[in-house]
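Structure data follow from upload22.cif (mmCIF, C-alpha atoms):
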data_upload
loop_
_atom_site.label_atom_id
_atom_site.label_comp_id
_atom_site.auth_asym_id
_atom_site.auth_seq_id
_atom_site.Cartn_x
_atom_site.Cartn_y
_atom_site.Cartn_z
CA MET A 630 137.21 117.69 82.84
CA LYS A 631 136.60 114.54 80.81
CA ALA A 632 132.87 114.99 81.36
CA LEU A 633 133.12 118.63 80.27
CA PHE A 634 135.03 117.76 77.10
CA SER A 635 132.46 115.06 76.33
CA GLU A 636 129.62 117.59 76.71
CA ILE A 637 131.45 120.04 74.42
CA ASP A 638 131.97 117.35 71.78
CA SER A 639 128.24 116.52 71.87
CA LEU A 640 127.25 120.12 71.11
CA MET A 641 125.97 120.71 67.61
CA PRO A 642 128.17 123.15 65.61
CA THR A 643 125.18 125.00 64.18
CA GLN A 644 121.65 125.56 65.42
CA ILE A 645 119.20 123.54 63.34
CA TYR A 646 115.50 123.91 63.97
CA GLY A 647 112.06 123.22 62.59
CA ARG A 648 108.61 124.59 63.37
CA VAL A 649 105.56 123.17 65.11
CA VAL A 650 102.83 122.54 62.52
CA ALA A 651 100.34 120.44 64.50
CA VAL A 652 99.56 119.26 68.02
CA GLN A 653 97.24 116.32 68.58
CA GLY A 654 96.92 115.14 72.14
CA LEU A 655 100.53 114.72 73.27
CA LEU A 656 101.85 114.30 69.73
CA VAL A 657 103.66 117.27 68.18
CA GLU A 658 104.39 117.41 64.44
CA ILE A 659 107.53 119.29 63.39
CA ALA A 660 108.21 120.52 59.85
CA GLY A 661 111.66 121.52 58.69
CA PRO A 662 115.00 119.78 58.17
CA ILE A 663 113.79 116.34 59.19
CA HIS A 664 116.82 114.79 57.42
CA GLU A 665 118.82 116.12 60.38
CA MET A 666 116.60 114.24 62.85
CA SER A 667 116.42 110.57 63.72
CA VAL A 668 114.29 108.47 66.05
CA GLY A 669 115.55 109.32 69.53
CA SER A 670 116.76 112.84 68.66
CA ARG A 671 116.16 115.45 71.35
CA LEU A 672 114.43 118.74 70.60
CA GLN A 673 113.79 121.89 72.62
CA ILE A 674 110.48 123.55 71.70
CA ASP A 675 110.56 127.29 72.38
CA SER A 676 107.14 128.06 73.84
CA GLY A 677 107.89 131.79 74.10
CA ALA A 678 106.30 134.31 76.46
CA GLY A 679 109.04 133.74 79.03
CA LYS A 680 108.00 130.13 79.61
CA PRO A 681 110.63 127.36 79.85
CA ASN A 682 111.41 125.34 76.76
CA VAL A 683 109.63 122.01 76.36
CA ALA A 684 111.97 119.04 75.90
CA ALA A 685 110.74 116.49 73.36
CA GLU A 686 111.96 113.38 71.60
CA VAL A 687 111.43 112.23 68.01
CA VAL A 688 109.43 108.99 68.06
CA GLY A 689 108.62 108.64 64.35
CA PHE A 690 107.97 110.29 60.99
CA ARG A 691 104.84 110.74 58.87
CA ASP A 692 104.00 112.71 55.71
CA GLY A 693 107.27 114.60 55.72
CA HIS A 694 106.96 115.64 59.38
CA ALA A 695 108.79 114.50 62.49
CA LEU A 696 106.49 113.13 65.21
CA CYS A 697 107.60 114.14 68.70
CA MET A 698 106.40 113.53 72.24
CA PRO A 699 107.18 115.87 75.15
CA PHE A 700 108.87 115.00 78.43
CA SER A 701 106.51 117.42 80.21
CA GLY A 702 103.28 119.31 79.53
CA LEU A 703 102.64 121.25 76.32
CA GLU A 704 101.34 124.44 77.95
CA GLY A 705 102.32 127.45 75.84
CA VAL A 706 103.20 125.48 72.68
CA ARG A 707 101.50 126.93 69.61
CA MET A 708 101.66 126.77 65.82
CA GLY A 709 104.98 128.01 64.48
CA CYS A 710 107.00 127.55 67.68
CA LYS A 711 110.68 126.96 67.01
CA ALA A 712 111.89 123.39 67.70
CA VAL A 713 115.68 123.32 68.01
CA ILE A 714 117.56 120.03 67.56
CA HIS A 715 119.40 119.66 70.86
CA ALA A 716 121.12 116.26 70.40
CA ARG A 717 120.99 113.47 67.87
CA GLU A 718 121.43 110.74 70.50
CA SER A 719 120.19 110.31 74.06
CA VAL A 720 123.24 109.96 76.30
CA VAL A 721 123.96 110.19 80.02
CA HIS A 722 127.18 110.48 82.04
CA PRO A 723 126.84 108.25 85.13
CA ALA A 724 129.54 108.37 87.79
CA ASP A 725 130.41 106.61 91.05
CA ALA A 726 129.43 109.85 92.85
CA TRP A 727 125.78 109.06 91.98
CA LEU A 728 125.69 106.54 94.83
CA GLY A 729 123.34 107.71 97.55
CA ARG A 730 121.41 109.98 95.20
CA VAL A 731 117.83 110.12 93.94
CA ILE A 732 117.43 111.25 90.33
CA ASN A 733 114.69 111.67 87.74
CA ALA A 734 114.50 110.12 84.28
CA MET A 735 116.64 112.94 82.82
CA GLY A 736 119.51 112.14 85.20
CA GLU A 737 118.83 115.27 87.27
CA PRO A 738 118.94 115.24 91.10
CA ILE A 739 115.62 115.49 92.92
CA ASP A 740 116.85 114.88 96.47
CA GLY A 741 117.95 118.43 97.30
CA LYS A 742 121.58 117.40 97.84
CA GLY A 743 123.07 119.70 95.23
CA GLU A 744 124.49 119.18 91.78
CA LEU A 745 125.08 115.71 90.39
CA PRO A 746 128.64 115.29 89.05
CA GLY A 747 128.92 113.65 85.65
CA GLY A 748 131.29 110.87 84.63
CA GLY A 749 133.79 111.12 81.84
CA THR A 750 132.28 108.44 79.58
CA PRO A 751 128.99 109.11 77.79
CA ARG A 752 126.61 106.15 77.69
CA LEU A 753 123.75 105.63 75.29
CA LEU A 754 120.42 105.28 77.07
CA ARG A 755 119.32 102.62 74.62
CA SER A 756 122.50 100.59 74.30
CA ALA A 757 122.74 96.98 73.18
CA PRO A 758 123.47 94.14 75.64
CA PRO A 759 126.90 92.47 75.50
CA PRO A 760 127.24 89.90 72.68
CA ALA A 761 126.01 86.49 73.79
CA SER A 762 129.30 84.82 72.83
CA GLU A 763 131.31 87.20 75.06
CA ARG A 764 129.15 87.05 78.17
CA ALA A 765 130.29 85.26 81.29
CA ARG A 766 128.09 82.63 82.91
CA VAL A 767 125.99 83.39 85.98
CA GLY A 768 127.95 83.50 89.21
CA PRO A 769 127.54 81.83 92.60
CA PRO A 770 124.27 81.85 94.59
CA LEU A 771 123.20 85.31 95.72
CA ASP A 772 121.97 85.81 99.28
CA LEU A 773 118.69 87.76 99.03
CA GLY A 774 117.96 87.71 102.76
CA VAL A 775 114.41 86.35 102.20
CA ARG A 776 113.98 82.73 103.36
CA ALA A 777 111.29 81.75 100.86
CA LEU A 778 113.42 82.92 97.93
CA ASN A 779 116.78 81.72 99.22
CA ALA A 780 115.49 78.21 99.90
CA PHE A 781 112.98 77.54 97.12
CA VAL A 782 113.85 80.03 94.34
CA THR A 783 117.61 80.39 94.76
CA CYS A 784 119.01 83.19 92.61
CA CYS A 785 122.56 83.53 91.25
CA GLU A 786 124.67 86.60 90.55
CA GLY A 787 123.77 87.82 87.06
CA GLN A 788 120.39 86.08 86.96
CA ARG A 789 117.18 87.88 85.92
CA MET A 790 114.03 87.17 87.89
CA GLY A 791 110.47 88.42 87.60
CA ILE A 792 108.18 89.07 90.57
CA PHE A 793 104.59 88.57 89.38
CA ALA A 794 101.69 89.83 91.49
CA GLY A 795 98.41 91.69 91.39
CA SER A 796 97.94 95.07 93.03
CA GLY A 797 98.10 95.18 96.82
CA VAL A 798 99.67 91.74 97.27
CA GLY A 799 102.99 93.02 98.64
CA LYS A 800 105.40 93.50 95.70
CA SER A 801 106.73 96.82 97.00
CA VAL A 802 107.33 95.43 100.51
CA LEU A 803 109.21 92.45 99.05
CA MET A 804 111.26 94.84 96.91
CA SER A 805 112.17 96.85 100.01
CA MET A 806 113.32 93.67 101.80
CA LEU A 807 115.48 92.73 98.80
CA ALA A 808 116.93 96.24 98.48
CA ARG A 809 118.03 96.26 102.10
CA ASN A 810 119.14 92.63 102.59
CA THR A 811 120.66 91.42 99.29
CA GLN A 812 124.42 90.83 99.41
CA CYS A 813 125.59 93.04 96.53
CA ASP A 814 128.05 95.90 95.95
CA VAL A 815 125.63 98.40 94.42
CA ALA A 816 121.84 98.59 94.09
CA VAL A 817 120.18 100.53 91.26
CA ILE A 818 116.45 100.92 91.85
CA GLY A 819 114.02 102.17 89.22
CA LEU A 820 110.59 103.30 90.44
CA ILE A 821 108.66 103.43 87.17
CA GLY A 822 105.18 104.97 87.34
CA GLU A 823 105.23 104.75 91.13
CA ARG A 824 102.78 106.58 93.39
CA GLY A 825 104.32 109.89 94.34
CA ARG A 826 103.55 109.60 98.05
CA GLU A 827 105.34 106.24 98.29
CA VAL A 828 108.70 107.45 96.99
CA GLN A 829 109.83 109.14 100.22
CA GLU A 830 108.41 106.27 102.29
CA PHE A 831 110.47 103.79 100.28
CA ILE A 832 113.66 105.84 100.53
CA GLU A 833 113.40 106.75 104.22
CA ASP A 834 111.63 103.76 105.78
CA ASP A 835 112.54 100.84 103.53
CA LEU A 836 116.00 101.70 102.22
CA GLY A 837 117.17 103.80 105.15
CA ASP A 838 120.49 105.64 105.26
CA THR A 839 122.56 102.45 105.05
CA GLY A 840 120.69 101.09 102.03
CA LEU A 841 120.64 104.43 100.24
CA ALA A 842 124.41 104.86 100.66
CA ARG A 843 125.05 101.98 98.25
CA SER A 844 122.10 102.75 95.94
CA VAL A 845 121.05 104.96 93.06
CA VAL A 846 117.29 105.53 92.91
CA VAL A 847 115.67 106.56 89.61
CA VAL A 848 112.14 107.95 89.96
CA ALA A 849 109.37 108.61 87.42
CA THR A 850 106.01 108.97 89.14
CA SER A 851 102.67 107.99 87.61
CA ASP A 852 101.74 111.60 86.77
CA GLU A 853 104.78 112.08 84.51
CA SER A 854 104.64 111.67 80.75
CA ALA A 855 104.92 108.30 79.02
CA LEU A 856 108.29 109.36 77.64
CA MET A 857 109.63 110.08 81.13
CA ARG A 858 108.38 106.74 82.45
CA ARG A 859 109.97 104.86 79.57
CA GLN A 860 113.22 106.78 79.87
CA ALA A 861 113.43 106.06 83.61
CA ALA A 862 113.60 102.35 82.77
CA TYR A 863 116.36 102.94 80.22
CA LEU A 864 118.29 105.14 82.66
CA THR A 865 118.03 102.51 85.42
CA MET A 866 119.64 99.96 83.12
CA THR A 867 122.29 102.40 81.92
CA VAL A 868 123.38 103.27 85.46
CA ALA A 869 123.49 99.55 86.36
CA GLU A 870 125.69 98.89 83.30
CA HIS A 871 128.08 101.65 84.39
CA PHE A 872 128.69 100.01 87.77
CA ARG A 873 128.85 96.55 86.19
CA ASP A 874 131.64 97.70 83.88
CA GLU A 875 133.44 99.09 86.94
CA GLY A 876 133.64 95.49 88.18
CA HIS A 877 130.81 95.61 90.74
CA ASN A 878 128.11 93.03 91.33
CA VAL A 879 124.97 95.13 90.84
CA LEU A 880 121.42 94.49 91.98
CA CYS A 881 119.07 96.18 89.50
CA MET A 882 115.45 96.35 90.63
CA MET A 883 112.65 97.81 88.57
CA ASP A 884 109.10 98.41 89.79
CA SER A 885 107.48 97.83 87.43
CA VAL A 886 108.09 96.47 83.94
CA THR A 887 104.34 96.59 83.32
CA ARG A 888 104.30 100.38 83.62
CA PHE A 889 107.22 100.55 81.17
CA ALA A 890 105.12 98.47 78.75
CA MET A 891 102.12 100.74 79.31
CA ALA A 892 104.26 103.81 78.57
CA GLN A 893 105.53 102.22 75.36
CA ARG A 894 101.94 101.31 74.42
CA GLU A 895 100.88 104.92 74.93
CA ILE A 896 103.72 106.15 72.70
CA GLY A 897 103.00 103.56 70.01
CA LEU A 898 99.28 104.29 69.88
CA SER A 899 99.98 108.05 69.64
CA ILE A 900 102.04 107.62 66.47
CA GLY A 901 99.49 105.29 64.86
CA GLU A 902 100.77 101.79 65.61
CA PRO A 903 98.05 99.14 65.39
CA PRO A 904 96.98 97.69 68.74
CA THR A 905 97.37 93.94 69.08
CA SER A 906 96.87 91.90 72.25
CA LYS A 907 94.96 93.89 74.93
CA GLY A 908 95.80 97.10 73.11
CA TYR A 909 99.57 96.61 73.37
CA THR A 910 101.39 97.62 70.21
CA PRO A 911 104.03 95.47 68.46
CA THR A 912 106.90 97.68 69.67
CA VAL A 913 106.05 96.79 73.29
CA PHE A 914 107.07 93.19 72.64
CA THR A 915 110.15 94.39 70.73
CA GLU A 916 111.31 96.76 73.48
CA LEU A 917 110.78 94.36 76.40
CA PRO A 918 113.58 91.92 75.43
CA ARG A 919 115.84 94.82 74.39
CA LEU A 920 115.48 96.26 77.88
CA LEU A 921 115.59 93.07 79.94
CA GLU A 922 118.46 91.42 78.03
CA ARG A 923 120.73 94.25 79.18
CA ALA A 924 120.70 92.75 82.67
CA GLY A 925 122.81 89.69 83.38
CA PRO A 926 126.51 88.83 83.48
CA GLY A 927 128.89 91.22 81.77
CA LYS A 928 131.83 90.30 79.61
CA HIS A 929 134.51 88.06 81.11
CA GLY A 930 136.41 90.02 83.74
CA SER A 931 133.67 92.57 84.46
CA GLY A 932 130.91 92.54 87.07
CA SER A 933 127.31 91.45 86.72
CA VAL A 934 123.79 92.89 86.87
CA THR A 935 121.31 90.75 88.80
CA GLY A 936 117.88 91.89 87.62
CA LEU A 937 114.72 91.69 89.74
CA PHE A 938 111.72 93.05 87.86
CA THR A 939 108.18 93.32 89.18
CA VAL A 940 105.27 92.59 86.85
CA LEU A 941 101.78 93.83 87.71
CA VAL A 942 99.29 91.18 86.60
CA GLU A 943 95.90 92.73 85.91
CA GLY A 944 93.04 90.99 87.68
CA ASP A 945 95.49 88.38 89.05
CA ASN A 946 95.68 86.94 85.53
CA HIS A 947 99.22 85.56 85.27
CA ASN A 948 98.75 84.80 81.56
CA GLU A 949 98.03 88.34 80.40
CA PRO A 950 100.26 89.52 77.48
CA VAL A 951 103.02 91.42 79.31
CA ALA A 952 103.38 88.79 82.05
CA ASP A 953 103.53 86.03 79.45
CA ALA A 954 106.16 87.86 77.37
CA VAL A 955 108.34 88.73 80.38
CA ARG A 956 108.16 85.20 81.78
CA GLY A 957 109.60 83.88 78.52
CA ILE A 958 112.51 86.35 78.59
CA LEU A 959 113.68 86.07 82.20
CA ASP A 960 115.56 83.29 83.99
CA GLY A 961 112.87 82.56 86.53
CA HIS A 962 109.74 83.93 88.13
CA VAL A 963 108.37 84.49 91.62
CA VAL A 964 104.58 84.24 91.86
CA MET A 965 102.80 86.14 94.64
CA GLU A 966 99.17 85.24 95.29
CA ARG A 967 96.35 87.20 96.88
CA ALA A 968 94.94 84.10 98.62
CA ILE A 969 98.20 83.62 100.53
CA ALA A 970 98.27 87.29 101.54
CA GLU A 971 94.66 87.07 102.70
CA ARG A 972 95.52 84.33 105.18
CA GLY A 973 98.25 86.55 106.66
CA ARG A 974 101.47 85.01 105.36
CA TYR A 975 103.99 87.52 104.02
CA PRO A 976 105.74 87.62 101.66
CA ALA A 977 102.83 85.98 99.86
CA ILE A 978 105.01 83.80 97.61
CA ASN A 979 103.60 80.60 96.13
CA VAL A 980 106.80 78.55 96.14
CA LEU A 981 105.21 75.72 94.10
CA LYS A 982 104.46 78.06 91.19
CA SER A 983 107.76 79.94 91.45
CA ILE A 984 110.88 78.71 89.69
CA SER A 985 114.53 79.60 89.25
CA ARG A 986 116.15 78.26 86.11
CA THR A 987 119.55 78.01 87.81
CA MET A 988 118.29 75.45 90.34
CA PRO A 989 119.32 72.81 91.32
CA ARG A 990 122.82 73.53 89.97
CA CYS A 991 123.38 76.36 92.47
CA VAL A 992 122.04 74.54 95.56
CA PRO A 993 124.56 72.57 97.71
CA ILE A 994 124.19 68.85 97.00
CA GLU A 995 123.68 67.98 100.66
CA TYR A 996 120.59 70.22 100.91
CA GLN A 997 118.88 69.18 97.67
CA PRO A 998 116.99 66.26 99.33
CA VAL A 999 115.76 68.69 102.00
CA LEU A 1000 114.33 71.08 99.40
CA ARG A 1001 112.76 68.24 97.40
CA LYS A 1002 111.12 66.88 100.54
CA ALA A 1003 109.73 70.32 101.50
CA ARG A 1004 108.29 70.81 98.02
CA GLN A 1005 106.72 67.35 98.04
CA LEU A 1006 105.06 68.02 101.41
CA LEU A 1007 103.66 71.36 100.23
CA ALA A 1008 102.43 69.81 96.97
CA THR A 1009 100.76 66.92 98.82
CA TYR A 1010 99.01 69.29 101.23
CA THR A 1011 97.88 71.57 98.37
CA ASP A 1012 96.39 68.59 96.48
CA MET A 1013 94.42 67.46 99.54
CA GLU A 1014 93.74 70.88 101.07
CA GLU A 1015 90.05 71.03 100.26
CA LEU A 1016 89.35 67.58 101.69
CA ILE A 1017 91.38 68.38 104.80
CA ARG A 1018 89.55 71.65 105.45
CA LEU A 1019 86.15 69.98 104.90
CA GLY A 1020 87.09 67.19 107.34
CA ALA A 1021 86.63 64.57 104.61
CA TYR A 1022 90.15 63.17 105.01
CA ARG A 1023 90.61 60.61 107.78
CA ARG A 1024 94.03 60.59 109.41
CA GLY A 1025 95.84 57.28 108.85
CA SER A 1026 94.54 56.80 105.29
CA ASP A 1027 97.83 57.92 103.72
CA PRO A 1028 101.11 58.36 105.64
CA ASP A 1029 102.35 60.97 103.13
CA VAL A 1030 99.27 63.13 103.66
CA ASP A 1031 99.56 62.68 107.43
CA GLU A 1032 103.14 63.95 107.35
CA ALA A 1033 102.15 66.85 105.08
CA ILE A 1034 99.47 67.89 107.58
CA ASP A 1035 101.94 67.69 110.48
CA ARG A 1036 104.63 69.69 108.67
CA PHE A 1037 102.42 72.29 106.98
CA ASP A 1038 102.20 74.82 109.81
CA PRO A 1039 105.97 74.74 110.58
CA ILE A 1040 106.76 75.22 106.86
CA GLU A 1041 104.28 78.12 106.68
CA ALA A 1042 106.00 79.68 109.71
CA PHE A 1043 109.36 79.25 107.94
CA LEU A 1044 108.04 81.00 104.82
CA ASN A 1045 106.56 83.86 106.86
CA GLN A 1046 109.00 86.73 107.37
CA THR A 1047 108.62 90.27 108.68
CA LYS A 1048 109.86 93.27 106.76
CA ASP A 1049 112.71 93.99 109.18
CA GLU A 1050 113.90 90.38 109.42
CA ALA A 1051 116.75 88.89 107.38
CA THR A 1052 117.97 85.31 107.10
CA SER A 1053 121.18 84.35 105.33
CA LEU A 1054 121.32 81.69 102.63
CA PRO A 1055 123.13 79.01 104.74
CA ASP A 1056 120.94 79.70 107.79
CA GLY A 1057 117.80 79.21 105.71
CA TYR A 1058 118.94 75.76 104.55
CA VAL A 1059 119.83 74.76 108.12
CA GLN A 1060 116.49 75.97 109.52
CA LEU A 1061 114.55 74.04 106.88
CA ALA A 1062 116.56 70.85 107.51
CA ASN A 1063 115.95 71.12 111.26
CA LEU A 1064 112.25 71.76 110.68
CA LEU A 1065 111.94 68.57 108.61
CA GLU A 1066 114.19 66.66 111.05
CA MET A 1067 116.55 65.71 108.22
CA THR A 1068 120.32 65.41 108.35
CA PRO A 1069 121.95 67.00 105.26
CA GLY A 1070 124.32 64.90 103.25
#

What's the structure tokens form of this structure?
Amino acid sequence: MKALFSEIDSLMPTQIYGRVVAVQGLLVEIAGPIHEMSVGSRLQIDSGAGKPNVAAEVVGFRDGHALCMPFSGLEGVRMGCKAVIHARESVVHPADAWLGRVINAMGEPIDGKGELPGGGTPRLLRSAPPPASERARVGPPLDLGVRALNAFVTCCEGQRMGIFAGSGVGKSVLMSMLARNTQCDVAVIGLIGERGREVQEFIEDDLGDTGLARSVVVVATSDESALMRRQAAYLTMTVAEHFRDEGHNVLCMMDSVTRFAMAQREIGLSIGEPPTSKGYTPTVFTELPRLLERAGPGKHGSGSVTGLFTVLVEGDNHNEPVADAVRGILDGHVVMERAIAERGRYPAINVLKSISRTMPRCVPIEYQPVLRKARQLLATYTDMEELIRLGAYRRGSDPDVDEAIDRFDPIEAFLNQTKDEATSLPDGYVQLANLLEMTPG
């Protein structure tokens, strides 16, 4: 009933509408009472002829007209169509009953399991993060179930990490391992601009019934409009915030932030924003921190949102604009490299280039020398790798290099992990210590 009363309160007392005066590409210009509209207002464009209404959102104003973009196609929209103001703010009503469900960017079920019950509290899709002065600190180490991450890029509850990789390097497989193995209360997974055929594979094969039971999956496939793809990212964060405020430790995963940035670029260019770096508009770099800062610890006494966000680096260039901006916002980054994948080691994580900003504070003191030693051995081998492979290095010249050569294959085997395998955080430390023949402490 609370949800019903909230919906009634959100209804507009009178019907206010404008008219379509121009359509250019996916941009619709609306004339009429634009003083009743604001950026983010929802409209329903009546396309007539028995066709369904077209939902649209106000994204800007120009020359006395409201500029709108549709959530779907514009088939049937013509000059003079009525555009009714549906809501002045974009809100959603998440509820605990959403667990185990797959929804679209509008918060509608797409899994064929019936209606989706709404919660009693409306939440703004584009809300502000908690004030910095009221936020709790990050919590204890979080067990991700992936040895390479647990040992070398240890993550804490409430931390935000980026997973940077080119196409086809294994981001989605790593995400599936994290979704299934991470020790959390609730997982909220946003598939932003994902390939349509991979959605069911991810849900059925990677998540499985057990993983889905504690998850909410938000889907906006690559064929959907830019507005839908952007909104899916906002909805993912909003649902995660709901469960955080319920006191849960939430794992929020988004694949990918790059497609969110591309959607925002498409919207910005449509309304006339000037392109800057690689065609990205200024609002892209404004919206990225506003989205990503919403993840993290909640206020004291509430839960936390641990954010894992994938970033698609074009042409394996880890310094391209979106990757560079996201790396500066998040609390650490995981770098996946094509060369590692090509030699058959998965997940293809370069642990020397990956970093967690909560380390070494969150690593047990007795295991810190073990991790330092493993990193030193990998770094030594990497520095000498070319000489070793060419046969130019003579064993006995440097004891450190000799040890790095002896330990390299066992460390590679430790970092290699199959999709269905899981290793706990303490077990990973113990395995690494045994591998290096070191006694912790």

Identify, on the basis of all atoms listed in the file, every residue whose closest approach to stretch 994-1004 of chain A does not exceed 8 Å; exclude the query and any residue fewer than 4 positions from it along the same chain; express the result as a short mmCIF file (atom, residue, chain, number, x, y, z; two decimals) with C-alpha atoms, in the frame of the given file.
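part05.cif, freshly written:
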data_model
loop_
_atom_site.label_atom_id
_atom_site.label_comp_id
_atom_site.auth_asym_id
_atom_site.auth_seq_id
_atom_site.Cartn_x
_atom_site.Cartn_y
_atom_site.Cartn_z
CA ALA A 780 115.49 78.21 99.90
CA PHE A 781 112.98 77.54 97.12
CA LEU A 981 105.21 75.72 94.10
CA PRO A 989 119.32 72.81 91.32
CA ALA A 1008 102.43 69.81 96.97
CA ILE A 1040 106.76 75.22 106.86
CA TYR A 1058 118.94 75.76 104.55
CA LEU A 1061 114.55 74.04 106.88
CA ALA A 1062 116.56 70.85 107.51
CA LEU A 1065 111.94 68.57 108.61
CA MET A 1067 116.55 65.71 108.22
CA PRO A 1069 121.95 67.00 105.26
CA GLY A 1070 124.32 64.90 103.25
#

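Residue nearest A:Thr783, chosen from A:Asp960, A:Glu1066, A:Asp814, A:Asp1027 and counting all atoms listed in the file: A:Asp960.
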
Query - A:Arg974 surroundings by all atoms listed in the file, 12 Å radius, close-in-sequence under 4 positions cut, as a PyMOL selection string - result: chain A and resi 777+798-799+965-970+978-979+1038+1040-1048

Query - Test item: the PyMOL selection byres ((chain A and resi 673-683) around 10) resolved as an MDAnalysis selection string - result: chainID A and resid 646:649 657 659 671:672 684:686 698:716

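Proximity to A:Arg809 was assessed for A:Ala861, A:Val913, A:Met882, A:Cys991 counting all atoms listed in the file; the smallest distance is recorded for A:Met882.
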
**Report entry** Ground truth for the PyMOL selection byres ((chain A and resi 1053) around 12), written as an NGL selection string
**Finding:** :A and (770-780 or 783 or 810-812 or 1050-1052 or 1054-1060)

Requested in this report: For stretch 1011-1021 of chain A, please output as a ChimeraX atom specification all residues within 10 Å (counting only C-alpha atoms; exclusion window: fewer than 6 positions along the same chain).
Outcome: /A:981,1005,1030,1033-1034,1037

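Pairwise distance (atom CA of A:Glu971, atom CA of A:Val802) equals 15.3 Å.
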
Query raised in the report: How would you write, as a ChimeraX atom specification, the residues chosen by the PyMOL selection byres ((chain A and resi 817) around 7) on this structure?
Result: /A:815-816,818-819,844-846,865,869,880-882

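Minimum atom-to-atom distance to A:Gly901, evaluated using only C-alpha atoms, belongs to A:Leu656 out of A:Leu656, A:Val964, A:Ala651, A:Thr643.
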
Query raised in the report: Please, which residues are within 10 Å of (114.2, 108.2, 80.3) by the file's coordinates, counting all atoms listed in the file, and could they come as a PyMOL selection string?
Result: chain A and resi 700+719+721+733-736+754-755+847-849+855-865

Residues near A:His694, cut-off 9 Å, all atoms listed in the file, skip fewer than 5 positions along chain, as a PDB file with C-alpha atoms, in the coordinates of the input:
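The resulting file, out.pdb, is reproduced below:
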ATOM      1  CA  VAL A 650     102.830 122.540  62.520  1.00  0.00           C
ATOM      2  CA  GLU A 658     104.390 117.410  64.440  1.00  0.00           C
ATOM      3  CA  ILE A 659     107.530 119.290  63.390  1.00  0.00           C
ATOM      4  CA  ALA A 660     108.210 120.520  59.850  1.00  0.00           C
ATOM      5  CA  GLY A 661     111.660 121.520  58.690  1.00  0.00           C
ATOM      6  CA  ILE A 663     113.790 116.340  59.190  1.00  0.00           C
ATOM      7  CA  GLY A 689     108.620 108.640  64.350  1.00  0.00           C
TER       8      GLY A 689
END

Adding 8 Å on each side of the box along x, y and z that holds all listed atoms of stretch 884-889 of chain A, could you give its centre and edge lengths in Å to one decimal, as JSON?
{"center_x": 106.7, "center_y": 98.5, "center_z": 85.5, "size_x": 20.8, "size_y": 20.1, "size_z": 24.6}

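Proximity of A:Leu696, A:Ile821, A:Leu937, A:Ile792 to A:Val980, computed with only C-alpha atoms, is greatest for A:Ile792.
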
Report task. Compare A:Pro993, A:Gly795, A:Gly837, A:Pro758 by their minimum atom-to-atom distance to A:Lys928, counting all atoms listed in the file, and give me the closest one. Result -> A:Pro758
